[in-house]
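Only one structure is covered here, and it is reproduced in the block below.
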Amino acid sequence: MYENIDKKTMIKTLFGCEVEDIKEDVIISPIWSLNSFTEKAEKIIKHFKGWYKGVALTYKGKDITVINSCIGAPLTGDCVIALGYTSCKNILFSGSAGGINGLYNFGDIVVSDCAIIGEGFSRFHKKDFKEDCFGEEVYGSKALADILFNKSNDYVGGMGISVYKGKVFSTDSILGENKKSFGFMMEKGCDGVEMELSAVFTASKAIGRNAAGLITISDLPLKYKSLFEGVKEKDIKAYEDSARMLPEILMEAVLDI
């Protein structure tokens with residue numbers, strides 16, 4: 001049904017901009033502010049707002065689009081699907097995750113090109129939406145992930161922050177994180193849990209685009225340092241220090257694509 005809507009109408013409605021405002025390289029994040037990107041830009045091409053907010057900017061001579069994709073698989077996944085109506089080629093997703101891997105600490109960076117589907121969005125963009133894809137692996141671009149990994153390592157020297165390549169589990173329910181679900185995630189070899197990345201990879205595959213994830217660790221639920229309790233000031237500082245770096249890392253990574 002919606003595939004019959006022309007691309008100008010789709011992009012104007014969803015993003016509040018013209019098709020040409022969506023550049024080949026797009027950074028999407030449900031949580032990092034647009035201002036954290038624009039303050040590092042040499043030129044702001046255009047701010048826009050539809051269902052999603054975004055900005056087209058120039059960073060060190062390269063045009064980039066940054067979009068606030070909103071929290072959760074449905075909104076972020078639809079944001080990626082909509083990019084299929086544009087000339088976008090590469091999608092860099094960035095957010096935060098709870099660390100499951102025992103080596104991880106607050107503020108550590110996880111680069112991912114693999115996620116486990118634990119959300120409901122993905123089944124609507126598989127071959128047969130009636131088939132349950134819960135627990136399946138979905139992949140992004142290893143080449144983009146390698147760029148993000150290398151660029152992240154360039155930035156963290158001397159900060160006490162480690163950079164890992166890892167697999168995440170994307171959940172629809174924070175309060176659904178319990179002993180049984182964490183056991184399942186660990187059986188699947190997951191290093192972290194968040195809410196969007198498997199939808200990003202499913203959607204990017206559906207529209208034939210490249211995608212990779214850059215995520216910082218915000219909590220350690222298996223060590224009783226969750227979003228609700230046990231987190232200390234030093235933990236918050238480590239997370240915030242890492243989060244402040246990510247917009248620049250993402251834009252620097254775009255230069256290497």
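As shown in the structure tokens, the chain order sets the letters A, B, ...; within each chain, residues go from 1, and ligands are also counted from 1 in the order they appear.
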Test item: residues at most 12 Å from Asp78 in chain A, only C-alpha atoms, excluding those fewer than 2 positions along its chain, as a ChimeraX atom specification: /A:10-11,14-15,28,51-52,69-76,80-85,121-122,124-125,196,199-204,206-207
Write the residues of the selection above to a file with N, CA and C atoms, as an mmCIF file, in the first residue's frame.
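This is the output file result.cif:
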data_model
loop_
_atom_site.group_PDB
_atom_site.id
_atom_site.type_symbol
_atom_site.label_atom_id
_atom_site.label_comp_id
_atom_site.auth_asym_id
_atom_site.auth_seq_id
_atom_site.Cartn_x
_atom_site.Cartn_y
_atom_site.Cartn_z
ATOM 1 N N MET A 10 6.694 10.943 0.904
ATOM 2 C CA MET A 10 7.143 10.139 2.031
ATOM 3 C C MET A 10 8.188 10.889 2.853
ATOM 4 N N ILE A 11 9.186 11.444 2.194
ATOM 5 C CA ILE A 11 10.275 12.117 2.893
ATOM 6 C C ILE A 11 9.794 13.421 3.531
ATOM 7 N N LEU A 14 7.721 12.243 6.715
ATOM 8 C CA LEU A 14 8.479 11.612 7.792
ATOM 9 C C LEU A 14 9.591 12.505 8.338
ATOM 10 N N PHE A 15 10.273 13.210 7.436
ATOM 11 C CA PHE A 15 11.429 13.985 7.871
ATOM 12 C C PHE A 15 11.248 15.500 7.764
ATOM 13 N N ILE A 28 22.105 7.909 12.535
ATOM 14 C CA ILE A 28 20.839 7.953 13.263
ATOM 15 C C ILE A 28 21.081 7.551 14.716
ATOM 16 N N TRP A 51 7.979 13.673 11.278
ATOM 17 C CA TRP A 51 7.800 12.720 12.371
ATOM 18 C C TRP A 51 9.124 12.552 13.124
ATOM 19 N N TYR A 52 10.218 12.745 12.387
ATOM 20 C CA TYR A 52 11.561 12.686 12.964
ATOM 21 C C TYR A 52 12.239 14.041 12.797
ATOM 22 N N SER A 69 16.224 9.226 15.631
ATOM 23 C CA SER A 69 15.339 8.141 15.189
ATOM 24 C C SER A 69 14.285 7.753 16.217
ATOM 25 N N CYS A 70 14.367 8.304 17.430
ATOM 26 C CA CYS A 70 13.444 8.010 18.533
ATOM 27 C C CYS A 70 13.712 6.617 19.102
ATOM 28 N N ILE A 71 13.352 6.429 20.368
ATOM 29 C CA ILE A 71 13.686 5.207 21.090
ATOM 30 C C ILE A 71 12.766 4.053 20.689
ATOM 31 N N GLY A 72 13.360 2.872 20.538
ATOM 32 C CA GLY A 72 12.596 1.660 20.282
ATOM 33 C C GLY A 72 12.683 1.181 18.842
ATOM 34 N N ALA A 73 12.504 -0.118 18.669
ATOM 35 C CA ALA A 73 12.613 -0.745 17.350
ATOM 36 C C ALA A 73 11.604 -0.238 16.331
ATOM 37 N N PRO A 74 10.316 -0.052 16.680
ATOM 38 C CA PRO A 74 9.357 0.376 15.650
ATOM 39 C C PRO A 74 9.702 1.728 15.026
ATOM 40 N N LEU A 75 10.009 2.720 15.849
ATOM 41 C CA LEU A 75 10.296 4.054 15.316
ATOM 42 C C LEU A 75 11.635 4.097 14.597
ATOM 43 N N THR A 76 12.655 3.510 15.197
ATOM 44 C CA THR A 76 13.967 3.504 14.547
ATOM 45 C C THR A 76 13.941 2.657 13.279
ATOM 46 N N VAL A 80 14.678 3.862 9.274
ATOM 47 C CA VAL A 80 15.605 3.254 8.314
ATOM 48 C C VAL A 80 14.882 2.852 7.037
ATOM 49 N N ILE A 81 13.712 2.246 7.165
ATOM 50 C CA ILE A 81 12.947 1.867 5.974
ATOM 51 C C ILE A 81 12.696 3.084 5.090
ATOM 52 N N ALA A 82 12.365 4.212 5.699
ATOM 53 C CA ALA A 82 12.093 5.440 4.942
ATOM 54 C C ALA A 82 13.321 5.930 4.186
ATOM 55 N N LEU A 83 14.509 5.626 4.699
ATOM 56 C CA LEU A 83 15.734 6.031 4.000
ATOM 57 C C LEU A 83 15.871 5.322 2.658
ATOM 58 N N GLY A 84 15.092 4.265 2.460
ATOM 59 C CA GLY A 84 15.085 3.570 1.171
ATOM 60 C C GLY A 84 14.498 4.408 0.050
ATOM 61 N N TYR A 85 13.811 5.495 0.390
ATOM 62 C CA TYR A 85 13.261 6.410 -0.611
ATOM 63 C C TYR A 85 14.273 7.489 -0.999
ATOM 64 N N PHE A 121 9.359 -5.628 15.384
ATOM 65 C CA PHE A 121 9.434 -4.908 14.099
ATOM 66 C C PHE A 121 9.934 -5.809 12.977
ATOM 67 N N SER A 122 10.977 -6.578 13.277
ATOM 68 C CA SER A 122 11.706 -7.275 12.209
ATOM 69 C C SER A 122 10.844 -8.246 11.415
ATOM 70 N N PHE A 124 7.981 -7.977 10.237
ATOM 71 C CA PHE A 124 7.218 -7.324 9.179
ATOM 72 C C PHE A 124 8.073 -7.019 7.945
ATOM 73 N N HIS A 125 9.378 -7.191 8.074
ATOM 74 C CA HIS A 125 10.261 -6.878 6.946
ATOM 75 C C HIS A 125 11.113 -8.081 6.551
ATOM 76 N N GLU A 196 17.201 -1.264 19.650
ATOM 77 C CA GLU A 196 16.996 -0.876 18.255
ATOM 78 C C GLU A 196 17.819 -1.602 17.193
ATOM 79 N N ALA A 199 16.520 -4.144 14.585
ATOM 80 C CA ALA A 199 15.582 -3.512 13.646
ATOM 81 C C ALA A 199 16.333 -2.708 12.590
ATOM 82 N N VAL A 200 17.406 -2.036 13.005
ATOM 83 C CA VAL A 200 18.228 -1.279 12.048
ATOM 84 C C VAL A 200 18.807 -2.219 10.997
ATOM 85 N N PHE A 201 19.340 -3.352 11.421
ATOM 86 C CA PHE A 201 19.940 -4.283 10.474
ATOM 87 C C PHE A 201 18.892 -4.952 9.585
ATOM 88 N N THR A 202 17.753 -5.313 10.164
ATOM 89 C CA THR A 202 16.681 -5.890 9.348
ATOM 90 C C THR A 202 16.214 -4.898 8.300
ATOM 91 N N ALA A 203 15.994 -3.646 8.721
ATOM 92 C CA ALA A 203 15.502 -2.613 7.799
ATOM 93 C C ALA A 203 16.541 -2.273 6.741
ATOM 94 N N SER A 204 17.799 -2.148 7.136
ATOM 95 C CA SER A 204 18.845 -1.794 6.163
ATOM 96 C C SER A 204 19.004 -2.902 5.120
ATOM 97 N N ALA A 206 16.536 -4.848 4.177
ATOM 98 C CA ALA A 206 15.328 -4.782 3.354
ATOM 99 C C ALA A 206 15.436 -3.719 2.263
ATOM 100 N N ILE A 207 16.136 -2.621 2.554
ATOM 101 C CA ILE A 207 16.257 -1.523 1.572
ATOM 102 C C ILE A 207 17.592 -1.554 0.834
#
Test item: residues at most 7 Å from range 151-162 of chain A, only C-alpha atoms, excluding those fewer than 3 positions along its chain, as a list in words: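 Answer for this query is Gly107, Asp108, Ile109, Ile147, Leu148, Ile249 and Ala253 of chain A.
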Please report, as CSV, each residue of range 47-109 of chain A lying at most 9 Å from range 175-192 of chain A, together with the nearest pair of atoms and the separation in Å rounded to one decimal; use only C-alpha atoms, and order rows by chain and ascending residue number.
residue,atom,partner,partner_atom,distance
A:Ala97,CA,A:Gly192,CA,5.9
A:Gly98,CA,A:Gly192,CA,5.4
A:Gly99,CA,A:Gly192,CA,4.5
A:Ile100,CA,A:Gly192,CA,4.8
A:Asn101,CA,A:Asp191,CA,4.6
A:Gly102,CA,A:Asp191,CA,8.4
A:Tyr104,CA,A:Asp191,CA,8.4
Test item, strand (DSSP E) assignment across range 102-234 of chain A, answer as an NGL selection string: :A and (109-118 or 137-139 or 163-171 or 192-194 or 210-219)
For range 25-27 of chain A: contacts at 8 Å, only C-alpha atoms, fewer than 4 positions along chain excluded, given as a list in words: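 Result of the neighbour search: Asp63, Ile64, Thr65, Val66, Ile67, Cys88, Lys89, Asn90, Ile91, Leu92, Phe93, Ser94, Leu250 and Val254 of chain A.
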Exercise: Thr13 in chain A partners within 12 Å, only C-alpha atoms, chain neighbours under 6 positions left out, as a ChimeraX atom specification: /A:5-7,19,48-53,79,82
Output for the residues just chosen: N, CA and C atoms as an mmCIF file, in the first residue's frame:
data_model
loop_
_atom_site.group_PDB
_atom_site.id
_atom_site.type_symbol
_atom_site.label_atom_id
_atom_site.label_comp_id
_atom_site.auth_asym_id
_atom_site.auth_seq_id
_atom_site.Cartn_x
_atom_site.Cartn_y
_atom_site.Cartn_z
ATOM 1 N N ILE A 5 3.264 5.385 -2.553
ATOM 2 C CA ILE A 5 3.437 6.805 -2.245
ATOM 3 C C ILE A 5 4.752 7.286 -2.850
ATOM 4 N N ASP A 6 4.728 8.432 -3.525
ATOM 5 C CA ASP A 6 5.954 8.905 -4.158
ATOM 6 C C ASP A 6 6.954 9.347 -3.091
ATOM 7 N N LYS A 7 8.229 9.290 -3.445
ATOM 8 C CA LYS A 7 9.288 9.496 -2.456
ATOM 9 C C LYS A 7 9.291 10.913 -1.887
ATOM 10 N N VAL A 19 14.014 15.327 -0.560
ATOM 11 C CA VAL A 19 14.767 14.086 -0.734
ATOM 12 C C VAL A 19 16.268 14.350 -0.755
ATOM 13 N N PHE A 48 15.567 20.136 9.888
ATOM 14 C CA PHE A 48 14.246 19.735 9.425
ATOM 15 C C PHE A 48 13.509 18.959 10.514
ATOM 16 N N LYS A 49 12.195 18.931 10.398
ATOM 17 C CA LYS A 49 11.377 18.252 11.398
ATOM 18 C C LYS A 49 10.082 17.762 10.769
ATOM 19 N N GLY A 50 9.883 16.452 10.790
ATOM 20 C CA GLY A 50 8.617 15.838 10.410
ATOM 21 C C GLY A 50 8.217 14.940 11.557
ATOM 22 N N TRP A 51 7.979 13.673 11.278
ATOM 23 C CA TRP A 51 7.800 12.720 12.371
ATOM 24 C C TRP A 51 9.124 12.552 13.124
ATOM 25 N N TYR A 52 10.218 12.745 12.387
ATOM 26 C CA TYR A 52 11.561 12.686 12.964
ATOM 27 C C TYR A 52 12.239 14.041 12.797
ATOM 28 N N LYS A 53 13.128 14.382 13.735
ATOM 29 C CA LYS A 53 13.935 15.592 13.623
ATOM 30 C C LYS A 53 15.292 15.243 13.027
ATOM 31 N N CYS A 79 12.265 4.531 10.532
ATOM 32 C CA CYS A 79 13.172 5.593 10.078
ATOM 33 C C CYS A 79 14.129 5.047 9.022
ATOM 34 N N ALA A 82 12.365 4.212 5.699
ATOM 35 C CA ALA A 82 12.093 5.440 4.942
ATOM 36 C C ALA A 82 13.321 5.930 4.186
#
Atomic separation - CA of Lys62 in chain A relative to CA of Ser36 in chain A, Å: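 Going from CA of Ser36 in chain A over to CA of Lys62 in chain A covers 17.2 Å.
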Minimum-distance residue to Gly16 in chain A, chosen among A:Ala56, A:Asp241, A:Thr38, A:Ser29 (using only C-alpha atoms):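 Between A:Ala56, A:Asp241, A:Thr38, A:Ser29, the residue approaching Gly16 in chain A most closely is A:Ala56.
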Ala243 in chain A environment, 9 Å, only C-alpha atoms, sequence neighbours closer than 5 positions dropped, as a PyMOL selection string: chain A and resi 32+95-96+107+215-216+238
Could you turn the residues from that selection into a file that holds C-alpha atoms, as an mmCIF file, in the first residue's frame?
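The new file again.cif reads:
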data_model
loop_
_atom_site.group_PDB
_atom_site.id
_atom_site.type_symbol
_atom_site.label_atom_id
_atom_site.label_comp_id
_atom_site.auth_asym_id
_atom_site.auth_seq_id
_atom_site.Cartn_x
_atom_site.Cartn_y
_atom_site.Cartn_z
ATOM 1 C CA TRP A 32 22.273 11.690 21.146
ATOM 2 C CA GLY A 95 22.933 4.419 21.095
ATOM 3 C CA SER A 96 23.565 2.863 24.495
ATOM 4 C CA GLY A 107 31.587 3.949 29.004
ATOM 5 C CA ILE A 215 27.143 1.775 21.195
ATOM 6 C CA THR A 216 28.343 2.838 24.631
ATOM 7 C CA ALA A 238 32.539 7.229 32.557
#
Range 138-186 of chain A: residues DSSP assigns to helix (DSSP H, G or I), reported as a ChimeraX atom specification: /A:142-155,174-176,179-186
Length of the CA of Cys133 in chain A to CA of Val168 in chain A vector [Å]: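 Computed distance, CA of Cys133 in chain A to CA of Val168 in chain A, equals 15.6 Å.
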Among the residues A:Lys130, A:Thr171, A:Tyr2, A:Asn68, the one that comes closest to Leu34 in chain A [using only C-alpha atoms]: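 Of A:Lys130, A:Thr171, A:Tyr2, A:Asn68, the one nearest Leu34 in chain A, counting only C-alpha atoms, is A:Asn68.
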CA of Glu20 in chain A to CA of Leu246 in chain A, distance in Å rounded to a single decimal: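 A separation of 25.6 Å between them.
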Non-local contacts of Val110 in chain A (8 Å; only C-alpha atoms; under 2 positions in same chain excluded) as an MDAnalysis selection string: chainID A and resid 108 112 163:166 213:217
